[in-house]
file model_19.cif (mmCIF, C-alpha atoms and all ligand atoms)
data_coords
loop_
_atom_site.label_atom_id
_atom_site.label_comp_id
_atom_site.auth_asym_id
_atom_site.auth_seq_id
_atom_site.Cartn_x
_atom_site.Cartn_y
_atom_site.Cartn_z
CA MET A 70 -25.81 -3.74 -1.72
CA ILE A 71 -25.11 -3.50 2.01
CA LYS A 72 -22.00 -1.54 2.95
CA ILE A 73 -20.34 -1.71 6.35
CA THR A 74 -18.33 1.44 6.91
CA ARG A 75 -15.29 2.02 9.08
CA LYS A 76 -17.56 3.52 11.73
CA ASP A 77 -18.20 -0.07 12.84
CA VAL A 78 -14.81 -1.15 14.06
CA ILE A 79 -13.77 -3.77 16.64
CA TYR A 80 -10.49 -4.82 18.27
CA GLN A 81 -11.73 -8.09 19.76
CA MET A 82 -13.57 -10.86 17.97
CA SER A 83 -16.33 -11.65 20.44
CA ALA A 84 -19.80 -13.15 20.73
CA GLU A 85 -20.66 -10.00 22.69
CA ASN A 86 -20.08 -7.59 19.80
CA PRO A 87 -23.36 -6.06 18.58
CA PRO A 88 -23.89 -6.68 14.85
CA ALA A 89 -23.23 -3.78 12.49
CA ALA A 90 -25.79 -5.34 10.13
CA LYS A 91 -27.82 -8.50 9.61
CA VAL A 92 -27.76 -10.12 6.18
CA ASP A 93 -29.20 -13.24 4.58
CA SER A 94 -27.09 -16.13 3.35
CA GLY A 95 -26.18 -15.52 -0.29
CA GLU A 96 -25.93 -11.74 0.07
CA THR A 97 -22.98 -9.68 -1.08
CA VAL A 98 -21.59 -7.20 1.42
CA VAL A 99 -19.00 -4.44 1.04
CA PHE A 100 -16.65 -3.87 3.99
CA GLU A 101 -14.66 -0.63 4.20
CA THR A 102 -11.50 -1.19 6.26
CA TYR A 103 -8.73 0.77 7.96
CA ASP A 104 -5.08 -0.16 7.72
CA CYS A 105 -3.64 -1.93 10.79
CA TYR A 106 -2.61 1.40 12.35
CA GLN A 107 -6.09 2.84 11.81
CA GLY A 108 -4.62 5.47 9.52
CA GLN A 109 -2.49 7.00 12.27
CA LEU A 110 0.75 6.74 10.26
CA LEU A 111 -0.68 8.11 7.02
CA PRO A 112 0.04 11.81 7.65
CA GLU A 113 3.58 12.65 6.50
CA GLY A 114 5.83 13.15 9.53
CA ASN A 115 3.80 10.98 11.89
CA THR A 116 5.82 8.32 13.69
CA PHE A 117 4.97 5.55 16.14
CA LYS A 118 4.93 8.27 18.81
CA ASN A 119 1.68 9.36 17.17
CA VAL A 120 0.21 5.86 17.22
CA ASP A 121 -2.24 4.94 19.96
CA ARG A 122 -1.79 1.16 20.26
CA ARG A 123 -5.34 0.75 21.51
CA PHE A 124 -6.36 1.20 17.89
CA GLY A 125 -4.15 -1.61 16.54
CA ASN A 126 -5.47 -4.02 13.89
CA PRO A 127 -9.03 -2.69 13.67
CA ALA A 128 -11.56 -5.00 12.01
CA THR A 129 -14.75 -3.76 10.39
CA GLY A 130 -18.01 -5.42 11.44
CA PRO A 131 -19.27 -7.70 12.72
CA VAL A 132 -21.93 -8.88 10.31
CA PHE A 133 -24.60 -11.27 11.52
CA VAL A 134 -25.52 -13.80 8.82
CA ASN A 135 -29.07 -15.06 9.26
CA GLY A 136 -29.28 -18.84 9.60
CA ALA A 137 -25.63 -19.38 10.54
CA MET A 138 -25.53 -21.67 13.57
CA PRO A 139 -22.69 -23.23 15.57
CA GLY A 140 -21.39 -26.24 13.64
CA ASP A 141 -21.99 -24.65 10.22
CA MET A 142 -19.30 -22.99 8.14
CA LEU A 143 -19.44 -19.53 6.61
CA LYS A 144 -18.26 -19.50 3.00
CA ILE A 145 -16.78 -16.13 2.13
CA THR A 146 -16.18 -15.53 -1.57
CA VAL A 147 -13.77 -12.65 -2.10
CA GLU A 148 -15.29 -11.02 -5.17
CA LYS A 149 -13.27 -7.84 -5.13
CA LEU A 150 -10.44 -6.27 -3.09
CA GLU A 151 -9.74 -2.59 -3.63
CA LEU A 152 -6.85 -0.73 -2.05
CA GLY A 153 -6.48 2.82 -0.78
CA PRO A 154 -3.89 5.12 -2.33
CA VAL A 155 -1.13 4.79 0.30
CA GLY A 156 0.28 1.81 2.20
CA ILE A 157 2.61 1.86 5.22
CA LEU A 158 5.75 -0.26 5.39
CA ASP A 159 7.88 -0.10 8.50
CA ILE A 160 10.86 -1.90 9.94
CA GLY A 161 12.71 -1.34 13.19
CA PRO A 162 14.10 -2.61 16.49
CA ASN A 163 10.83 -3.54 18.18
CA SER A 164 9.56 -6.57 16.34
CA GLY A 165 10.16 -9.08 13.58
CA ALA A 166 13.01 -11.51 12.91
CA LEU A 167 15.44 -8.77 11.86
CA LYS A 168 14.95 -6.35 14.73
CA GLU A 169 18.54 -6.64 16.05
CA TYR A 170 19.81 -4.98 12.88
CA PHE A 171 17.91 -1.74 13.40
CA ASP A 172 18.43 1.12 15.84
CA GLU A 173 15.40 3.07 14.78
CA VAL A 174 12.12 2.65 12.97
CA SER A 175 11.95 3.49 9.28
CA ILE A 176 8.59 4.18 7.67
CA ASN A 177 7.95 4.18 3.94
CA ARG A 178 4.61 5.55 2.72
CA ILE A 179 4.13 3.55 -0.43
CA HIS A 180 1.86 4.96 -3.09
CA VAL A 181 -0.35 2.53 -4.96
CA LYS A 182 -1.63 3.52 -8.36
CA ASP A 183 -3.29 1.39 -11.03
CA GLY A 184 -2.37 -1.72 -9.06
CA VAL A 185 1.34 -0.92 -8.84
CA LEU A 186 3.28 -0.10 -5.66
CA LYS A 187 6.12 2.36 -5.80
CA TYR A 188 8.78 1.44 -3.20
CA ASP A 189 11.01 4.20 -4.57
CA GLU A 190 12.40 5.33 -7.92
CA ARG A 191 14.25 2.02 -8.32
CA LEU A 192 11.57 -0.51 -7.52
CA GLN A 193 7.92 -0.83 -8.50
CA ILE A 194 5.92 -3.97 -7.71
CA LYS A 195 2.57 -5.24 -8.91
CA ALA A 196 0.13 -5.23 -5.99
CA GLU A 197 -1.12 -8.57 -4.70
CA PRO A 198 -3.90 -7.49 -2.33
CA MET A 199 -4.79 -9.79 0.57
CA ILE A 200 -6.89 -9.72 3.72
CA GLY A 201 -4.73 -10.09 6.86
CA VAL A 202 -7.50 -10.28 9.48
CA ILE A 203 -10.80 -12.04 8.85
CA GLY A 204 -12.74 -14.04 11.39
CA ASN A 205 -15.99 -15.08 12.97
CA ALA A 206 -16.64 -14.62 16.66
CA PRO A 207 -15.01 -17.39 18.74
CA ALA A 208 -17.15 -19.65 20.93
CA GLU A 209 -16.31 -18.37 24.36
CA GLU A 210 -13.66 -15.88 25.36
CA SER A 211 -13.08 -12.99 23.02
CA VAL A 212 -9.88 -13.02 20.95
CA SER A 213 -7.83 -9.93 20.05
CA THR A 214 -7.77 -9.00 16.36
CA MET A 215 -3.98 -9.42 16.69
CA THR A 216 -4.32 -13.19 17.17
CA PRO A 217 -5.14 -16.01 14.75
CA LYS A 218 -7.04 -19.07 15.98
CA ASP A 219 -9.63 -21.53 14.69
CA HIS A 220 -12.16 -18.71 14.19
CA GLY A 221 -9.74 -17.13 11.67
CA GLY A 222 -8.48 -13.75 12.85
CA ASN A 223 -5.00 -12.43 12.14
CA MET A 224 -3.97 -15.29 9.85
CA ASP A 225 -2.00 -13.10 7.41
CA CYS A 226 -2.39 -15.66 4.66
CA THR A 227 -1.58 -14.39 1.17
CA LYS A 228 -4.11 -16.83 -0.31
CA ILE A 229 -7.02 -14.82 1.14
CA CYS A 230 -7.15 -12.71 -1.98
CA GLU A 231 -9.49 -11.83 -4.81
CA GLY A 232 -11.14 -14.96 -6.21
CA ALA A 233 -10.58 -17.07 -3.09
CA LYS A 234 -13.30 -18.83 -1.14
CA LEU A 235 -12.60 -18.87 2.59
CA TYR A 236 -14.54 -21.26 4.84
CA LEU A 237 -14.62 -20.29 8.51
CA PRO A 238 -16.25 -22.35 11.25
CA VAL A 239 -19.30 -20.75 12.87
CA PHE A 240 -19.11 -20.77 16.66
CA VAL A 241 -21.96 -18.43 17.57
CA GLU A 242 -25.35 -17.76 16.01
CA GLY A 243 -24.99 -15.37 13.06
CA ALA A 244 -21.23 -16.06 12.73
CA LEU A 245 -20.37 -12.36 13.43
CA LEU A 246 -17.84 -11.87 10.64
CA ALA A 247 -15.35 -8.99 10.77
CA LEU A 248 -12.23 -8.15 8.77
CA GLY A 249 -9.44 -5.65 8.20
CA ASP A 250 -5.65 -5.40 7.98
CA PHE A 251 -5.27 -5.55 4.19
CA HIS A 252 -1.81 -5.80 2.66
CA ALA A 253 -1.01 -4.45 -0.81
CA ILE A 254 1.74 -7.07 -0.85
CA MET A 255 3.44 -9.27 1.74
CA GLY A 256 6.29 -11.77 1.55
CA GLU A 257 5.43 -15.24 2.89
CA GLY A 258 6.21 -15.25 6.62
CA GLU A 259 5.74 -11.52 7.23
CA VAL A 260 9.30 -11.65 8.50
CA GLY A 261 10.03 -8.02 9.26
CA ASN A 262 6.73 -7.48 11.11
CA CYS A 263 4.37 -6.22 8.42
CA GLY A 264 3.25 -6.21 4.84
CA VAL A 265 2.41 -3.01 2.98
CA GLU A 266 -0.35 -2.06 5.42
CA ILE A 267 -3.27 -0.42 3.68
CA GLU A 268 -6.91 0.55 3.96
CA GLY A 269 -9.37 -0.68 1.39
CA GLU A 270 -12.70 -2.14 0.49
CA ALA A 271 -13.67 -5.80 0.17
CA THR A 272 -16.73 -7.09 -1.67
CA LEU A 273 -17.64 -10.46 -0.17
CA LYS A 274 -20.43 -12.92 -0.90
CA LEU A 275 -21.48 -14.68 2.30
CA ASP A 276 -23.06 -18.14 2.24
CA VAL A 277 -23.94 -20.38 5.14
CA VAL A 278 -22.76 -23.94 4.49
CA HIS A 279 -24.49 -26.65 6.52
CA ASP A 280 -22.79 -29.74 5.09
CA MET A 281 -19.15 -28.95 5.89
CA LYS A 282 -18.37 -29.34 9.57
CA PHE A 283 -14.69 -28.49 9.91
CA THR A 284 -13.66 -26.55 12.99
CA PHE A 285 -10.69 -24.80 11.35
CA PRO A 286 -10.29 -22.37 8.42
CA LEU A 287 -10.10 -23.69 4.84
CA ILE A 288 -9.41 -21.86 1.59
CA GLU A 289 -10.42 -22.92 -1.89
CA ASN A 290 -9.17 -21.35 -5.10
CA GLU A 291 -9.20 -22.45 -8.74
CA GLU A 292 -6.31 -24.87 -8.27
CA GLN A 293 -6.03 -25.72 -4.59
CA TRP A 294 -7.52 -26.61 -1.26
CA ILE A 295 -5.66 -25.05 1.67
CA THR A 296 -5.74 -25.50 5.45
CA VAL A 297 -4.58 -22.64 7.68
CA ALA A 298 -3.50 -23.57 11.22
CA TYR A 299 -2.18 -21.66 14.22
CA GLY A 300 0.21 -22.58 17.01
CA GLU A 301 2.42 -21.17 19.76
CA THR A 302 5.35 -22.33 17.63
CA LEU A 303 5.91 -22.96 13.92
CA ASP A 304 6.37 -26.67 14.71
CA GLU A 305 2.97 -26.81 16.33
CA ALA A 306 1.28 -24.85 13.54
CA ALA A 307 2.97 -26.99 10.86
CA ALA A 308 1.85 -30.26 12.44
CA LYS A 309 -1.66 -28.92 12.85
CA ALA A 310 -1.94 -27.69 9.23
CA SER A 311 -0.82 -31.15 8.04
CA LYS A 312 -3.20 -33.06 10.30
CA GLN A 313 -6.09 -30.79 9.34
CA MET A 314 -5.39 -31.42 5.64
CA PHE A 315 -5.27 -35.18 6.33
CA GLN A 316 -8.64 -34.97 8.11
CA PHE A 317 -10.10 -32.80 5.34
CA LEU A 318 -9.01 -35.20 2.55
CA LYS A 319 -10.56 -38.13 4.40
CA GLU A 320 -13.84 -36.51 5.46
CA GLN A 321 -14.53 -34.28 2.46
CA PHE A 322 -13.30 -36.57 -0.32
CA GLY A 323 -13.37 -40.03 1.24
CA LEU A 324 -9.67 -40.77 0.82
CA ASN A 325 -8.27 -43.58 2.98
CA ASN A 326 -5.37 -43.00 5.37
CA VAL A 327 -2.70 -44.22 2.96
CA ASP A 328 -3.90 -42.18 -0.02
CA ALA A 329 -4.37 -39.06 2.10
CA GLY A 330 -0.93 -39.40 3.69
CA MET A 331 0.88 -40.22 0.46
CA LEU A 332 -0.86 -37.39 -1.40
CA ILE A 333 0.39 -34.99 1.28
CA ASP A 334 3.89 -36.52 0.95
CA MET A 335 3.94 -36.01 -2.80
CA LEU A 336 2.09 -32.76 -3.42
CA GLY A 337 1.31 -31.08 -0.08
CA ASN A 338 3.15 -27.80 0.28
CA LEU A 339 3.63 -26.50 3.82
CA ILE A 340 4.11 -22.73 3.80
CA VAL A 341 4.73 -20.26 6.62
CA CYS A 342 2.10 -17.50 6.60
CA GLN A 343 3.52 -15.37 9.40
CA ILE A 344 5.96 -15.56 12.33
CA VAL A 345 5.18 -12.25 14.02
CA ASN A 346 1.71 -12.52 15.56
CA PRO A 347 0.85 -13.78 19.09
CA MET A 348 0.21 -17.18 17.41
CA LYS A 349 2.09 -18.31 14.28
CA THR A 350 0.21 -19.46 11.19
CA VAL A 351 1.19 -22.13 8.68
CA ARG A 352 -0.83 -23.39 5.74
CA MET A 353 -0.86 -26.58 3.68
CA GLU A 354 -1.79 -26.47 0.00
CA ILE A 355 -2.92 -29.45 -2.08
CA PRO A 356 -3.77 -29.31 -5.80
CA LYS A 357 -7.39 -30.10 -6.63
CA TRP A 358 -6.56 -32.09 -9.75
CA ALA A 359 -4.77 -34.76 -7.72
CA ILE A 360 -7.55 -34.98 -5.13
CA ALA A 361 -9.99 -35.49 -8.03
CA LYS A 362 -7.90 -38.38 -9.42
CA LEU A 363 -7.83 -40.22 -6.09
CA SER A 364 -11.39 -39.50 -5.01
CA GLY A 365 -13.07 -39.81 -8.38
CA ASN A 366 -14.80 -36.45 -7.99
CA CA A 401 -1.75 -9.00 10.33
CA CA A 402 -0.87 -6.22 8.80
#
call {"tool": "encode", "arguments": {"input": "model_19.cif", "output": "structure tokens"}}
result
Amino acid sequence: MIKITRKDVIYQMSAENPPAAKVDSGETVVFETYDCYQGQLLPEGNTFKNVDRRFGNPATGPVFVNGAMPGDMLKITVEKLELGPVGILDIGPNSGALKEYFDEVSINRIHVKDGVLKYDERLQIKAEPMIGVIGNAPAEESVSTMTPKDHGGNMDCTKICEGAKLYLPVFVEGALLALGDFHAIMGEGEVGNCGVEIEGEATLKLDVVHDMKFTFPLIENEEQWITVAYGETLDEAAAKASKQMFQFLKEQFGLNNVDAGMLIDMLGNLIVCQIVNPMKTVRMEIPKWAIAKLSGN
């Protein structure tokens, strides 16, 4: 199995990035990732004074997938997500919705063992590992790994987890997939600026899909189809996630306008992914069973 190590790290998703490896459609690839601070806060005693911001949100890759051409989608099946032993949680006056309540930054190095996070002696939480940053290269100008857009990127969507299938539009030949910024757990909205930021390893099966032509990210899991949209504001991202789901229901499943709209009214859940990145992300979730009833497949 091909393994992409942390030696191949990028901070911009770009068509100009040289591939770390070339793989065929259908191959399974292991990506070893840094946490979003590139490990700089892991040593006890280190603070943000020790953090070089140039190394923020590193993504491992990119991987060139043979046969992926602009207009295709890359289907990424998350077969396994493994976490490192320590995650970083921080809160302070510099970012997030609660910043006015803090005079200084607090850092908690959270140990993860056997899938359980230890906040402190009082609170232990079952890990729910997710991939924060995952994207193909955008079509033209490069995009920072801090930013989510239609190529994917820093979406911080909790549904990009083990067992999920993520579909990302391909904008350049080979797709050039890269990922990083895992969270051991994260509340919806990423309100205080971060999740439990952690290094790890993802095992992903990569398939080029020629017969889905959507130009925005989609997620499929056992129960749901999900659109993930970005915007300057939550309003913009929310409208976009809804419209993209409407388009998806019509084009993928042949629903008419009324059925697609009413299905969204009844069962479409609009959920804030994050409010702290340079673009906000919002997703819409629809249960598959109801789509199947209305579409007959
Ligand atoms: Ca993130
Ligand atoms: Ca993060």
call {"tool": "closest_residue", "arguments": {"input": "model_19.cif", "among": "A:Leu110, A:Leu303, A:Leu152, A:Val147", "to": "Ser175 of chain A", "atoms": "only C-alpha atoms"}}
result
A:Leu110
call {"tool": "residues_near_ligand", "arguments": {"input": "model_19.cif", "ligand": "ligand CA 402 (chain A)", "cutoff": "6 Å", "atoms": "only C-alpha atoms and all ligand atoms", "output": "ChimeraX atom specification"}}
result
/A:105,201,250,263-264,266
call {"tool": "residues_near_ligand", "arguments": {"input": "model_19.cif", "ligand": "ligand CA 401 (chain A)", "cutoff": "9 Å", "atoms": "all atoms listed in the file", "output": "ChimeraX atom specification"}}
result
/A:105,126,200-202,214-217,222-226,249-252,259,262-264,266,343,345-346
call {"tool": "write_last_selection", "arguments": {"input": "model_19.cif", "atoms": "C-alpha atoms", "output": "PDB file, in the frame of the given file"}}
result
ATOM      1  CA  CYS A 105      -3.640  -1.930  10.790  1.00  0.00           C
ATOM      2  CA  ASN A 126      -5.470  -4.020  13.890  1.00  0.00           C
ATOM      3  CA  ILE A 200      -6.890  -9.720   3.720  1.00  0.00           C
ATOM      4  CA  GLY A 201      -4.730 -10.090   6.860  1.00  0.00           C
ATOM      5  CA  VAL A 202      -7.500 -10.280   9.480  1.00  0.00           C
ATOM      6  CA  THR A 214      -7.770  -9.000  16.360  1.00  0.00           C
ATOM      7  CA  MET A 215      -3.980  -9.420  16.690  1.00  0.00           C
ATOM      8  CA  THR A 216      -4.320 -13.190  17.170  1.00  0.00           C
ATOM      9  CA  PRO A 217      -5.140 -16.010  14.750  1.00  0.00           C
ATOM     10  CA  GLY A 222      -8.480 -13.750  12.850  1.00  0.00           C
ATOM     11  CA  ASN A 223      -5.000 -12.430  12.140  1.00  0.00           C
ATOM     12  CA  MET A 224      -3.970 -15.290   9.850  1.00  0.00           C
ATOM     13  CA  ASP A 225      -2.000 -13.100   7.410  1.00  0.00           C
ATOM     14  CA  CYS A 226      -2.390 -15.660   4.660  1.00  0.00           C
ATOM     15  CA  GLY A 249      -9.440  -5.650   8.200  1.00  0.00           C
ATOM     16  CA  ASP A 250      -5.650  -5.400   7.980  1.00  0.00           C
ATOM     17  CA  PHE A 251      -5.270  -5.550   4.190  1.00  0.00           C
ATOM     18  CA  HIS A 252      -1.810  -5.800   2.660  1.00  0.00           C
ATOM     19  CA  GLU A 259       5.740 -11.520   7.230  1.00  0.00           C
ATOM     20  CA  ASN A 262       6.730  -7.480  11.110  1.00  0.00           C
ATOM     21  CA  CYS A 263       4.370  -6.220   8.420  1.00  0.00           C
ATOM     22  CA  GLY A 264       3.250  -6.210   4.840  1.00  0.00           C
ATOM     23  CA  GLU A 266      -0.350  -2.060   5.420  1.00  0.00           C
ATOM     24  CA  GLN A 343       3.520 -15.370   9.400  1.00  0.00           C
ATOM     25  CA  VAL A 345       5.180 -12.250  14.020  1.00  0.00           C
ATOM     26  CA  ASN A 346       1.710 -12.520  15.560  1.00  0.00           C
TER      27      ASN A 346
END
call {"tool": "residues_around", "arguments": {"input": "model_19.cif", "residues": "Lys91 of chain A", "least_positions_apart": "5", "cutoff": "8 Å", "atoms": "all atoms listed in the file", "output": "VMD selection string"}}
result
chain A and resid 132 to 135
call {"tool": "closest_residue", "arguments": {"input": "model_19.cif", "among": "A:Trp358, A:Tyr103, A:Phe171, A:Phe240", "to": "Ala84 of chain A", "atoms": "only C-alpha atoms"}}
result
A:Phe240
call {"tool": "closest_residue", "arguments": {"input": "model_19.cif", "among": "A:Ser311, A:Ser94, A:Gln109, A:Asn86", "to": "Leu336 of chain A", "atoms": "all atoms listed in the file"}}
result
A:Ser311
call {"tool": "decode", "arguments": {"input": "model_19.cif", "residues": "segment 147-167 of chain A", "atoms": "N, CA and C atoms", "output": "compact mmCIF listing (two decimals), in the first residue's frame"}}
result
# COMPACT_ATOMS: atom_id res chain seq x y z
N VAL A 147 -13.30 6.92 3.31
CA VAL A 147 -12.46 6.97 4.52
C VAL A 147 -12.55 5.60 5.20
N GLU A 148 -11.55 4.78 4.92
CA GLU A 148 -11.58 3.41 5.46
C GLU A 148 -11.15 3.37 6.92
N LYS A 149 -10.17 4.19 7.24
CA LYS A 149 -9.68 4.17 8.63
C LYS A 149 -9.11 5.53 9.00
N LEU A 150 -9.36 5.98 10.23
CA LEU A 150 -8.75 7.21 10.76
C LEU A 150 -8.13 6.87 12.09
N GLU A 151 -6.81 7.00 12.17
CA GLU A 151 -6.13 6.72 13.43
C GLU A 151 -5.54 8.01 13.99
N LEU A 152 -5.59 8.15 15.29
CA LEU A 152 -5.14 9.37 15.95
C LEU A 152 -3.83 9.17 16.66
N GLY A 153 -3.03 10.26 16.75
CA GLY A 153 -1.84 10.25 17.57
C GLY A 153 -2.22 10.23 19.05
N PRO A 154 -1.21 10.21 19.93
CA PRO A 154 -1.49 10.06 21.35
C PRO A 154 -1.91 11.33 22.07
N VAL A 155 -1.63 12.51 21.48
CA VAL A 155 -1.92 13.77 22.19
C VAL A 155 -2.55 14.77 21.24
N GLY A 156 -3.67 15.37 21.69
CA GLY A 156 -4.32 16.43 20.93
C GLY A 156 -4.18 17.75 21.67
N ILE A 157 -4.26 18.85 20.91
CA ILE A 157 -4.13 20.20 21.49
C ILE A 157 -5.49 20.89 21.45
N LEU A 158 -5.89 21.41 22.59
CA LEU A 158 -7.11 22.22 22.67
C LEU A 158 -6.70 23.57 23.24
N ASP A 159 -7.11 24.64 22.58
CA ASP A 159 -6.72 25.96 23.10
C ASP A 159 -7.88 26.92 22.98
N ILE A 160 -7.89 27.88 23.88
CA ILE A 160 -8.91 28.94 23.82
C ILE A 160 -8.28 30.21 24.35
N GLY A 161 -8.67 31.35 23.77
CA GLY A 161 -8.01 32.58 24.19
C GLY A 161 -8.60 33.80 23.52
N PRO A 162 -7.91 34.94 23.67
CA PRO A 162 -8.46 36.24 23.25
C PRO A 162 -8.29 36.55 21.77
N ASN A 163 -7.69 35.67 21.00
CA ASN A 163 -7.33 36.04 19.63
C ASN A 163 -8.32 35.62 18.56
N SER A 164 -9.13 34.61 18.86
CA SER A 164 -10.04 34.15 17.82
C SER A 164 -11.19 33.36 18.43
N GLY A 165 -12.22 33.15 17.61
CA GLY A 165 -13.39 32.41 18.06
C GLY A 165 -14.46 33.34 18.61
N ALA A 166 -15.67 32.80 18.79
CA ALA A 166 -16.82 33.60 19.19
C ALA A 166 -16.77 34.04 20.65
N LEU A 167 -15.87 33.43 21.43
CA LEU A 167 -15.85 33.70 22.88
C LEU A 167 -14.63 34.52 23.30
